[in-house]
Amino acid sequence: MVKKQIYSIVNFNEAVQTMDAGADHIGLVPMQTGGIPAHRVPFDVVDKIFAECKKRGVKSIAIMLNKDIEEMFFIIKRVNPDIVHIAGMDYTADQSFADRLRKECPGVELMQAVLVADETAIDRAKEYAKFCDYILTDSGLAKDTGIGASGLTHDWSIDRKIVETVGIPVIIAGGLGAENVAECIKQIRPFGVDSLTKTSYKFEDGVTEKNIPEVKKFCERADQAAAEVGLK
C-alpha cells in the first residue's frame, strides 16, 4: 500500500470528506505567523479535525511555514499532531530540533521537506534521514508557502534515488494528481504520495477548497497502481 497524503485542509467538513475519499494522511497549517493567511486553521478547528483523524486511524500532520522554533513548539504542544512537517527553507530541521521534539513531544514524528531542483537533493535527504522519520520531496519554493505548493512536477529519477538510499519513508509531492499519480508510483515506488494543488480549487482571494471528486480519483488510482507493482 502507498499512503495517500492530502494537503491543505482548512475546515472540518472537507477533512471528513477527504478521509471518506481515501486519504491516509491529512495535512493542514495551524494558526501561525508563516504561510498564507487564508490557509491558516484556528486551533479549535484543528482540534476537531485531528480528533476525527485519531478516531479513523488517519495520520494528522501540522505543517510549519515559519522559522520561529519556539512558536513551532508551542503549536506542536497545543495541537498534538501525529507528524510535524517542516516545510520552509528559512528554517530546516536539524538534530537538535529532532532531539527536542522527541523529549518534549513524545510520539510526534518529524517530516522534513526536500526541494528537488537537482541531484544535490539526494545528499540533503540523506542528511535529514539521520534524524527525521519521513522525507517529503517537492517542487518549487515560495516565500509564503515554503517548499512546494507550486503545482509543478520535478525529475522523478532523483526521487527514486532518494527512496533507494535514505532508509526511511519517503513521500513524493509536486504536481501530483489523478492523471499522473499512478506513473509516479510505478517509477519511484515510494512510501507515500502527496497532493495539494491538483486536488484543490483555488479562488482569487487565496482561499482554497478541496476538490473531493479529484481527491477520490487520486486515492483510487494510487491504490490501483500500488497493487499493480506489489506495494501492499
# chains A, B, ... in the order shown; residues from 1 in each chain; ligands from 1
>>> select_by_dssp(residues="range 29-221 of chain A", states="helix (DSSP H, G or I)", output="JSON, numbers by chain")
{"A": [37, 38, 39, 43, 44, 45, 46, 47, 48, 49, 50, 51, 52, 53, 54, 55, 56, 69, 70, 71, 72, 73, 74, 75, 76, 77, 78, 79, 95, 96, 97, 98, 99, 100, 101, 102, 103, 104, 120, 121, 122, 123, 124, 125, 126, 127, 128, 129, 156, 157, 158, 159, 160, 161, 162, 163, 164, 165, 181, 182, 183, 184, 185, 186, 187, 188, 197, 198, 199, 212, 213, 214, 215, 216, 217, 218, 219, 220, 221]}
>>> atom_distance(atom1="CA of Ala129 in chain A", atom2="CA of Lys198 in chain A")
27.8 Å
>>> closest_residue(among="A:Lys217, A:Arg189, A:His85, A:Lys210", to="Ile135 in chain A", atoms="only C-alpha atoms")
A:His85
>>> residues_around(residues="Met19 in chain A", least_positions_apart="2", cutoff="12 Å", atoms="only C-alpha atoms", output="ChimeraX atom specification")
/A:4-7,9,12-17,21-27,49-50,52-60,210,212,215-216,219
>>> closest_atom_pairs(of="range 58-147 of chain A", to="range 37-45 of chain A", cutoff="9 Å", atoms="only C-alpha atoms", output="Markdown table")
| residue | atom | partner | partner_atom | distance |
| --- | --- | --- | --- | --- |
| A:Ile75 | CA | A:Phe43 | CA | 8.8 |
| A:Arg78 | CA | A:Phe43 | CA | 7.9 |
| A:Val79 | CA | A:Phe43 | CA | 6.9 |
>>> residues_around(residues="Asn211 in chain A", least_positions_apart="5", cutoff="7 Å", atoms="only C-alpha atoms", output="list in words")
Thr199, Ser200 and Tyr201 of chain A
>>> write_last_selection(atoms="N, CA, C and O atoms", output="mmCIF file, in the first residue's frame")
data_model
loop_
_atom_site.group_PDB
_atom_site.id
_atom_site.type_symbol
_atom_site.label_atom_id
_atom_site.label_comp_id
_atom_site.auth_asym_id
_atom_site.auth_seq_id
_atom_site.Cartn_x
_atom_site.Cartn_y
_atom_site.Cartn_z
ATOM 1 N N THR A 199 -5.644 18.711 -6.410
ATOM 2 C CA THR A 199 -6.884 18.239 -5.783
ATOM 3 C C THR A 199 -7.576 19.370 -5.014
ATOM 4 O O THR A 199 -8.291 19.138 -4.053
ATOM 5 N N SER A 200 -7.339 20.613 -5.472
ATOM 6 C CA SER A 200 -7.931 21.775 -4.804
ATOM 7 C C SER A 200 -8.498 22.753 -5.820
ATOM 8 O O SER A 200 -7.983 22.895 -6.934
ATOM 9 N N TYR A 201 -9.557 23.439 -5.405
ATOM 10 C CA TYR A 201 -9.993 24.645 -6.097
ATOM 11 C C TYR A 201 -9.250 25.799 -5.448
ATOM 12 O O TYR A 201 -9.080 25.834 -4.226
#
>>> residues_around(residues="Ile171 in chain A", least_positions_apart="2", cutoff="8 Å", atoms="only C-alpha atoms", output="CSV table (one decimal) with N, CA, C and O atoms, in the first residue's frame")
chain,number,residue,atom,x,y,z
A,134,TYR,N,10.4,10.9,8.3
A,134,TYR,CA,10.0,10.9,7.0
A,134,TYR,C,10.7,12.0,6.2
A,134,TYR,O,11.0,13.1,6.7
A,135,ILE,N,10.8,11.8,4.9
A,135,ILE,CA,11.3,12.8,3.9
A,135,ILE,C,10.1,13.1,3.0
A,135,ILE,O,9.5,12.1,2.5
A,136,LEU,N,9.9,14.3,2.7
A,136,LEU,CA,8.9,14.7,1.7
A,136,LEU,C,9.6,15.4,0.6
A,136,LEU,O,10.2,16.5,0.8
A,137,THR,N,9.6,14.9,-0.6
A,137,THR,CA,10.3,15.6,-1.8
A,137,THR,C,9.2,16.4,-2.5
A,137,THR,O,8.1,16.0,-2.7
A,169,PRO,N,10.9,6.3,5.3
A,169,PRO,CA,9.8,6.5,4.4
A,169,PRO,C,9.9,7.8,3.7
A,169,PRO,O,10.2,8.9,4.3
A,173,ALA,N,5.8,14.6,-3.4
A,173,ALA,CA,4.9,15.7,-3.7
A,173,ALA,C,5.4,16.4,-4.9
A,173,ALA,O,6.5,16.2,-5.4
A,190,PRO,N,7.4,4.8,-3.9
A,190,PRO,CA,7.6,5.5,-2.6
A,190,PRO,C,6.7,4.9,-1.5
A,190,PRO,O,5.8,4.1,-1.7
A,191,PHE,N,7.0,5.4,-0.3
A,191,PHE,CA,6.1,5.1,0.8
A,191,PHE,C,4.7,5.8,0.7
A,191,PHE,O,3.7,5.2,1.0
A,192,GLY,N,4.8,7.0,0.1
A,192,GLY,CA,3.5,7.8,0.0
A,192,GLY,C,3.6,8.8,-1.1
A,192,GLY,O,4.6,9.1,-1.6
A,193,VAL,N,2.4,9.3,-1.5
A,193,VAL,CA,2.2,10.3,-2.5
A,193,VAL,C,1.3,11.4,-1.9
A,193,VAL,O,0.4,11.1,-1.1
A,194,ASP,N,1.6,12.6,-2.3
A,194,ASP,CA,1.0,13.8,-1.7
A,194,ASP,C,0.4,14.6,-2.8
A,194,ASP,O,0.9,14.8,-3.8
>>> select_by_dssp(residues="range 27-152 of chain A", states="strand (DSSP E)", output="ChimeraX atom specification")
/A:27-30,40-41,59-64,83-86,109-115,134-138,141-142,146-147
>>> atom_distance(atom1="CA of Asp123 in chain A", atom2="CA of Ile168 in chain A")
14.0 Å
>>> residues_around(residues="Ala121 in chain A", least_positions_apart="2", cutoff="12 Å", atoms="only C-alpha atoms", output="ChimeraX atom specification")
/A:113-119,123-128,135-139,154-163,165-166
>>> residues_around(residues="Ile86 in chain A", least_positions_apart="2", cutoff="7 Å", atoms="only C-alpha atoms", output="MDAnalysis selection string")
chainID A and resid 63:65 84 88 92:93 111:113
>>> write_last_selection(atoms="N, CA, C and O atoms", output="mmCIF file, in the first residue's frame")
data_model
loop_
_atom_site.group_PDB
_atom_site.id
_atom_site.type_symbol
_atom_site.label_atom_id
_atom_site.label_comp_id
_atom_site.auth_asym_id
_atom_site.auth_seq_id
_atom_site.Cartn_x
_atom_site.Cartn_y
_atom_site.Cartn_z
ATOM 1 N N ILE A 63 1.636 21.432 9.477
ATOM 2 C CA ILE A 63 2.626 21.988 8.556
ATOM 3 C C ILE A 63 3.164 23.292 9.125
ATOM 4 O O ILE A 63 2.405 24.194 9.469
ATOM 5 N N MET A 64 4.487 23.382 9.234
ATOM 6 C CA MET A 64 5.136 24.572 9.772
ATOM 7 C C MET A 64 5.777 25.379 8.642
ATOM 8 O O MET A 64 6.645 24.872 7.917
ATOM 9 N N LEU A 65 5.337 26.633 8.512
ATOM 10 C CA LEU A 65 5.835 27.516 7.458
ATOM 11 C C LEU A 65 6.512 28.748 8.043
ATOM 12 O O LEU A 65 6.632 29.766 7.377
ATOM 13 N N VAL A 84 4.829 16.372 12.509
ATOM 14 C CA VAL A 84 5.077 17.782 12.236
ATOM 15 C C VAL A 84 5.936 17.865 10.979
ATOM 16 O O VAL A 84 6.950 17.172 10.843
ATOM 17 N N GLY A 88 9.542 25.025 5.391
ATOM 18 C CA GLY A 88 10.221 26.226 4.912
ATOM 19 C C GLY A 88 11.655 25.968 4.492
ATOM 20 O O GLY A 88 12.190 24.881 4.681
ATOM 21 N N THR A 92 15.184 24.750 8.447
ATOM 22 C CA THR A 92 15.004 23.315 8.232
ATOM 23 C C THR A 92 15.392 22.591 9.511
ATOM 24 O O THR A 92 16.197 23.082 10.299
ATOM 25 N N ALA A 93 14.809 21.437 9.710
ATOM 26 C CA ALA A 93 15.064 20.680 10.933
ATOM 27 C C ALA A 93 16.528 20.249 11.006
ATOM 28 O O ALA A 93 17.194 20.067 9.992
ATOM 29 N N MET A 111 8.797 15.180 9.872
ATOM 30 C CA MET A 111 8.913 15.116 8.420
ATOM 31 C C MET A 111 9.600 16.397 7.931
ATOM 32 O O MET A 111 9.205 17.498 8.322
ATOM 33 N N GLN A 112 10.619 16.242 7.099
ATOM 34 C CA GLN A 112 11.315 17.390 6.536
ATOM 35 C C GLN A 112 11.118 17.418 5.027
ATOM 36 O O GLN A 112 11.312 16.420 4.343
ATOM 37 N N ALA A 113 10.723 18.579 4.509
ATOM 38 C CA ALA A 113 10.592 18.758 3.066
ATOM 39 C C ALA A 113 11.970 18.929 2.435
ATOM 40 O O ALA A 113 12.857 19.568 3.005
#
>>> closest_residue(among="A:Ile61, A:Val229, A:Phe131, A:Ile36", to="Asp94 in chain A", atoms="only C-alpha atoms")
A:Phe131
>>> closest_residue(among="A:Leu101, A:Ile76, A:Ala87, A:Val2", to="Cys184 in chain A", atoms="only C-alpha atoms")
A:Val2
>>> atom_distance(atom1="CA of Glu164 in chain A", atom2="CA of Tyr91 in chain A")
26.0 Å
>>> decode(residues="range 36-159 of chain A", atoms="C-alpha atoms", output="tab-separated table (two decimals), in the first residue's frame")
chain	number	residue	atom	x	y	z
A	36	ILE	CA	-0.85	32.37	3.53
A	37	PRO	CA	-3.43	33.79	5.99
A	38	ALA	CA	-6.37	32.15	4.20
A	39	HIS	CA	-4.77	28.73	4.69
A	40	ARG	CA	-4.23	29.00	8.45
A	41	VAL	CA	-6.62	26.93	10.54
A	42	PRO	CA	-7.76	28.10	14.03
A	43	PHE	CA	-6.70	25.81	16.85
A	44	ASP	CA	-10.25	24.82	17.79
A	45	VAL	CA	-10.88	23.60	14.24
A	46	VAL	CA	-7.52	21.79	14.22
A	47	ASP	CA	-8.55	20.03	17.43
A	48	LYS	CA	-11.78	18.82	15.87
A	49	ILE	CA	-10.08	17.62	12.67
A	50	PHE	CA	-7.25	15.86	14.50
A	51	ALA	CA	-9.71	14.15	16.85
A	52	GLU	CA	-11.55	12.80	13.83
A	53	CYS	CA	-8.24	11.63	12.35
A	54	LYS	CA	-7.45	9.75	15.55
A	55	LYS	CA	-10.88	8.13	15.58
A	56	ARG	CA	-10.41	6.92	11.99
A	57	GLY	CA	-6.74	5.92	12.23
A	58	VAL	CA	-5.68	8.66	9.79
A	59	LYS	CA	-2.34	10.41	10.42
A	60	SER	CA	-2.67	14.11	11.29
A	61	ILE	CA	0.04	16.49	10.08
A	62	ALA	CA	0.81	20.02	11.28
A	63	ILE	CA	2.63	21.99	8.56
A	64	MET	CA	5.14	24.57	9.77
A	65	LEU	CA	5.84	27.52	7.46
A	66	ASN	CA	7.63	29.76	9.93
A	67	LYS	CA	11.19	29.92	11.24
A	68	ASP	CA	10.49	30.59	14.92
A	69	ILE	CA	11.39	27.41	16.79
A	70	GLU	CA	9.64	28.48	19.99
A	71	GLU	CA	6.45	29.19	18.08
A	72	MET	CA	6.71	25.80	16.39
A	73	PHE	CA	6.99	24.00	19.71
A	74	PHE	CA	4.11	25.99	21.16
A	75	ILE	CA	1.93	24.92	18.21
A	76	ILE	CA	3.07	21.28	18.30
A	77	LYS	CA	2.28	21.01	22.00
A	78	ARG	CA	-1.04	22.80	21.50
A	79	VAL	CA	-2.41	20.68	18.63
A	80	ASN	CA	-0.52	17.40	19.23
A	81	PRO	CA	-0.25	16.12	15.64
A	82	ASP	CA	0.95	12.67	14.65
A	83	ILE	CA	3.55	14.31	12.40
A	84	VAL	CA	5.08	17.78	12.24
A	85	HIS	CA	6.15	18.82	8.74
A	86	ILE	CA	8.92	21.43	8.44
A	87	ALA	CA	8.24	22.99	5.06
A	88	GLY	CA	10.22	26.23	4.91
A	89	MET	CA	13.71	26.93	3.59
A	90	ASP	CA	14.48	29.74	6.07
A	91	TYR	CA	14.46	27.03	8.72
A	92	THR	CA	15.00	23.32	8.23
A	93	ALA	CA	15.06	20.68	10.93
A	94	ASP	CA	18.35	19.57	12.46
A	95	GLN	CA	19.46	17.03	15.04
A	96	SER	CA	18.84	19.40	17.96
A	97	PHE	CA	15.27	20.06	16.78
A	98	ALA	CA	14.66	16.32	16.45
A	99	ASP	CA	16.10	15.64	19.90
A	100	ARG	CA	13.95	18.35	21.48
A	101	LEU	CA	10.85	17.10	19.66
A	102	ARG	CA	11.33	13.58	21.00
A	103	LYS	CA	11.95	14.87	24.51
A	104	GLU	CA	9.17	17.47	24.75
A	105	CYS	CA	6.59	15.96	22.37
A	106	PRO	CA	6.89	12.18	22.67
A	107	GLY	CA	5.13	10.31	19.92
A	108	VAL	CA	5.17	13.18	17.42
A	109	GLU	CA	7.10	12.22	14.29
A	110	LEU	CA	9.22	14.55	12.16
A	111	MET	CA	8.91	15.12	8.42
A	112	GLN	CA	11.32	17.39	6.54
A	113	ALA	CA	10.59	18.76	3.07
A	114	VAL	CA	13.36	18.49	0.48
A	115	LEU	CA	13.36	20.81	-2.53
A	116	VAL	CA	14.18	18.71	-5.60
A	117	ALA	CA	15.78	21.02	-8.15
A	118	ASP	CA	18.79	18.86	-9.00
A	119	GLU	CA	20.76	15.89	-7.64
A	120	THR	CA	22.02	17.86	-4.64
A	121	ALA	CA	18.64	16.94	-3.13
A	122	ILE	CA	19.91	13.40	-2.64
A	123	ASP	CA	22.67	14.39	-0.21
A	124	ARG	CA	20.35	16.75	1.66
A	125	ALA	CA	17.79	13.97	2.02
A	126	LYS	CA	20.48	11.63	3.35
A	127	GLU	CA	21.45	14.17	6.00
A	128	TYR	CA	17.84	14.71	7.10
A	129	ALA	CA	17.29	10.96	7.22
A	130	LYS	CA	19.78	10.72	10.08
A	131	PHE	CA	17.26	12.30	12.46
A	132	CYS	CA	13.88	12.54	10.66
A	133	ASP	CA	11.09	9.97	10.46
A	134	TYR	CA	9.96	10.94	6.96
A	135	ILE	CA	11.28	12.81	3.93
A	136	LEU	CA	8.89	14.68	1.65
A	137	THR	CA	10.27	15.57	-1.78
A	138	ASP	CA	8.67	18.55	-3.50
A	139	SER	CA	8.92	21.13	-6.28
A	140	GLY	CA	9.24	24.89	-6.13
A	141	LEU	CA	9.95	27.40	-3.40
A	142	ALA	CA	7.81	30.38	-2.43
A	143	LYS	CA	8.11	32.96	0.34
A	144	ASP	CA	4.63	32.30	1.74
A	145	THR	CA	4.29	28.56	1.20
A	146	GLY	CA	7.85	27.31	1.67
A	147	ILE	CA	8.94	24.24	-0.26
A	148	GLY	CA	6.12	23.10	-2.52
A	149	ALA	CA	2.58	24.22	-3.38
A	150	SER	CA	3.83	25.06	-6.88
A	151	GLY	CA	1.74	22.53	-8.77
A	152	LEU	CA	4.89	21.54	-10.69
A	153	THR	CA	6.49	18.14	-11.06
A	154	HIS	CA	10.24	17.52	-10.98
A	155	ASP	CA	12.74	14.85	-12.04
A	156	TRP	CA	11.38	11.62	-10.57
A	157	SER	CA	14.66	9.81	-11.19
A	158	ILE	CA	16.09	11.88	-8.32
A	159	ASP	CA	13.22	10.82	-6.07
